[in-house]
Amino acid sequence: VERGVTLFDTAIIYGPLTNENLAGEALSEFKGRINVTTKFGHEVIAGKATGRQDSSRKTIRQYCEDSLRRLKLETLPMFYQHRFDPKVPVEEVAGTIGELIKEGKVLRWGMCEVSAETIRRAHAVQPLTAIQSEYHLMHRDVERNGVLDVCRELGIGFVPYLSLIHI
C-alpha cells in the first residue's frame, strides 16, 4: 500500500481461506484507500478444497457472508465467479449476484476463465464489470476464442493473469 498498490486479489480457495484471513488482517487499516477482490465457486468444506465447483445460490450467499467477515469488509468491491459451474445455469449465478448487489453486499462482479457465450448470457442478467483469464505471450487463447472481442463490445474490463504452472 505504501508503494501505491491499491488492488489486492484473493479467493476462498487460496489457502483455502487462509489468504482471505491474512488479507483481512493486513489490509483492514487501509479501508477506503484500497480494493480487495475475492472469488467464489470452488467448493471448500471445513477449510478443505474438495476439487468440485459449487455456485448454487445458497453457497454464493454463504461464501459472500464468509468472505465479508474474513476480509473485514461491509461490501465486496468485486466478487468473481472463480470457475464456471456446469451444474448451475449462469443466469442463476448472475441473478444471485444481482440480489447481493441490491443488498449492498457486492458492488461489482466478474467471472474467470469463461467463454464469450457465457459472458453474454451472464451480462444480460446482471452486467459484468470484469473478466479474468490467463493471458500472456505464451497463452493467448482469449485473442482467438472471442473473449477479448465480447469484452470490448460490451464494455467489460479484462484482467489478465499469468499461471506459472504452464511455463
# chains A, B, ... in the order shown; residues from 1 in each chain; ligands from 1
>>> residues_around(residues="stretch 38-53 of chain A", least_positions_apart="6", cutoff="6 Å", atoms="only C-alpha atoms", output="NGL selection string")
:A and (9-11 or 79-83 or 85)
>>> write_last_selection(atoms="N, CA and C atoms", output="mmCIF file, in the first residue's frame")
data_model
loop_
_atom_site.group_PDB
_atom_site.id
_atom_site.type_symbol
_atom_site.label_atom_id
_atom_site.label_comp_id
_atom_site.auth_asym_id
_atom_site.auth_seq_id
_atom_site.Cartn_x
_atom_site.Cartn_y
_atom_site.Cartn_z
ATOM 1 N N ASP A 9 -6.054 -9.015 -4.859
ATOM 2 C CA ASP A 9 -6.941 -10.038 -5.396
ATOM 3 C C ASP A 9 -6.721 -11.332 -4.629
ATOM 4 N N THR A 10 -7.794 -11.906 -4.111
ATOM 5 C CA THR A 10 -7.698 -13.150 -3.367
ATOM 6 C C THR A 10 -8.864 -14.057 -3.754
ATOM 7 N N ALA A 11 -9.010 -15.169 -3.052
ATOM 8 C CA ALA A 11 -10.101 -16.115 -3.293
ATOM 9 C C ALA A 11 -10.206 -17.058 -2.115
ATOM 10 N N PHE A 79 -16.663 -9.289 -6.756
ATOM 11 C CA PHE A 79 -16.849 -10.691 -6.380
ATOM 12 C C PHE A 79 -16.869 -11.479 -7.685
ATOM 13 N N TYR A 80 -15.834 -12.264 -7.914
ATOM 14 C CA TYR A 80 -15.703 -13.051 -9.147
ATOM 15 C C TYR A 80 -16.213 -14.479 -8.951
ATOM 16 N N GLN A 81 -16.833 -15.036 -9.985
ATOM 17 C CA GLN A 81 -17.036 -16.479 -10.031
ATOM 18 C C GLN A 81 -15.714 -17.047 -10.532
ATOM 19 N N HIS A 82 -15.041 -17.822 -9.692
ATOM 20 C CA HIS A 82 -13.687 -18.275 -9.994
ATOM 21 C C HIS A 82 -13.643 -19.249 -11.171
ATOM 22 N N ARG A 83 -14.549 -20.166 -11.202
ATOM 23 C CA ARG A 83 -14.658 -21.097 -12.323
ATOM 24 C C ARG A 83 -16.130 -21.365 -12.594
ATOM 25 N N ASP A 85 -19.485 -23.193 -13.176
ATOM 26 C CA ASP A 85 -20.073 -24.388 -12.575
ATOM 27 C C ASP A 85 -21.105 -24.942 -13.554
#
>>> residues_around(residues="A:Val150", least_positions_apart="6", cutoff="10 Å", atoms="only C-alpha atoms", output="PyMOL selection string")
chain A and resi 115-117+119-120+156
>>> write_last_selection(atoms="N, CA and C atoms", output="short mmCIF file (atom, residue, chain, number, x, y, z; two decimals), in the first residue's frame")
data_model
loop_
_atom_site.label_atom_id
_atom_site.label_comp_id
_atom_site.auth_asym_id
_atom_site.auth_seq_id
_atom_site.Cartn_x
_atom_site.Cartn_y
_atom_site.Cartn_z
N SER A 115 -16.28 -18.62 -21.40
CA SER A 115 -16.39 -18.42 -22.85
C SER A 115 -17.11 -17.12 -23.17
N ALA A 116 -16.99 -16.70 -24.41
CA ALA A 116 -17.69 -15.50 -24.88
C ALA A 116 -19.20 -15.67 -24.74
N GLU A 117 -19.71 -16.83 -25.04
CA GLU A 117 -21.15 -17.09 -24.92
C GLU A 117 -21.61 -16.98 -23.47
N ILE A 119 -20.21 -15.23 -21.11
CA ILE A 119 -20.15 -13.81 -20.76
C ILE A 119 -21.42 -13.11 -21.20
N ARG A 120 -21.84 -13.35 -22.44
CA ARG A 120 -23.05 -12.71 -22.97
C ARG A 120 -24.28 -13.08 -22.13
N ILE A 156 -16.76 -4.48 -20.94
CA ILE A 156 -16.36 -5.22 -19.75
C ILE A 156 -14.83 -5.19 -19.66
#
>>> closest_residue(among="A:Ile34, A:Val88, A:Ile12, A:Ala26", to="A:Ser67", atoms="only C-alpha atoms")
A:Ile12
>>> residues_around(residues="A:Thr118", least_positions_apart="3", cutoff="12 Å", atoms="only C-alpha atoms", output="list in words")
Gln81, Arg83, Phe84, Asp85, Pro86, Pro89, Val90, Glu91, Val93, Ala94, Gly110, Met111, Cys112, Glu113, Val114, Ser115, Arg121, Ala122, His123, Ala124, Val125, Leu128, Ile131, Asn145, Gly146, Val147, Val150 and Cys151 of chain A
>>> select_by_dssp(residues="stretch 63-166 of chain A", states="strand (DSSP E or B)", output="PyMOL selection string")
chain A and resi 76-81+106-112+130-134+136+139+157-161
>>> closest_residue(among="A:Arg3, A:Lys31, A:His139, A:Lys105", to="A:Met78", atoms="only C-alpha atoms")
A:Lys105
>>> select_by_dssp(residues="chain A", states="helix (DSSP H, G or I)", output="MDAnalysis selection string")
chainID A and resid 18:30 57:71 90:102 116:125 141:144 147:154 164:166
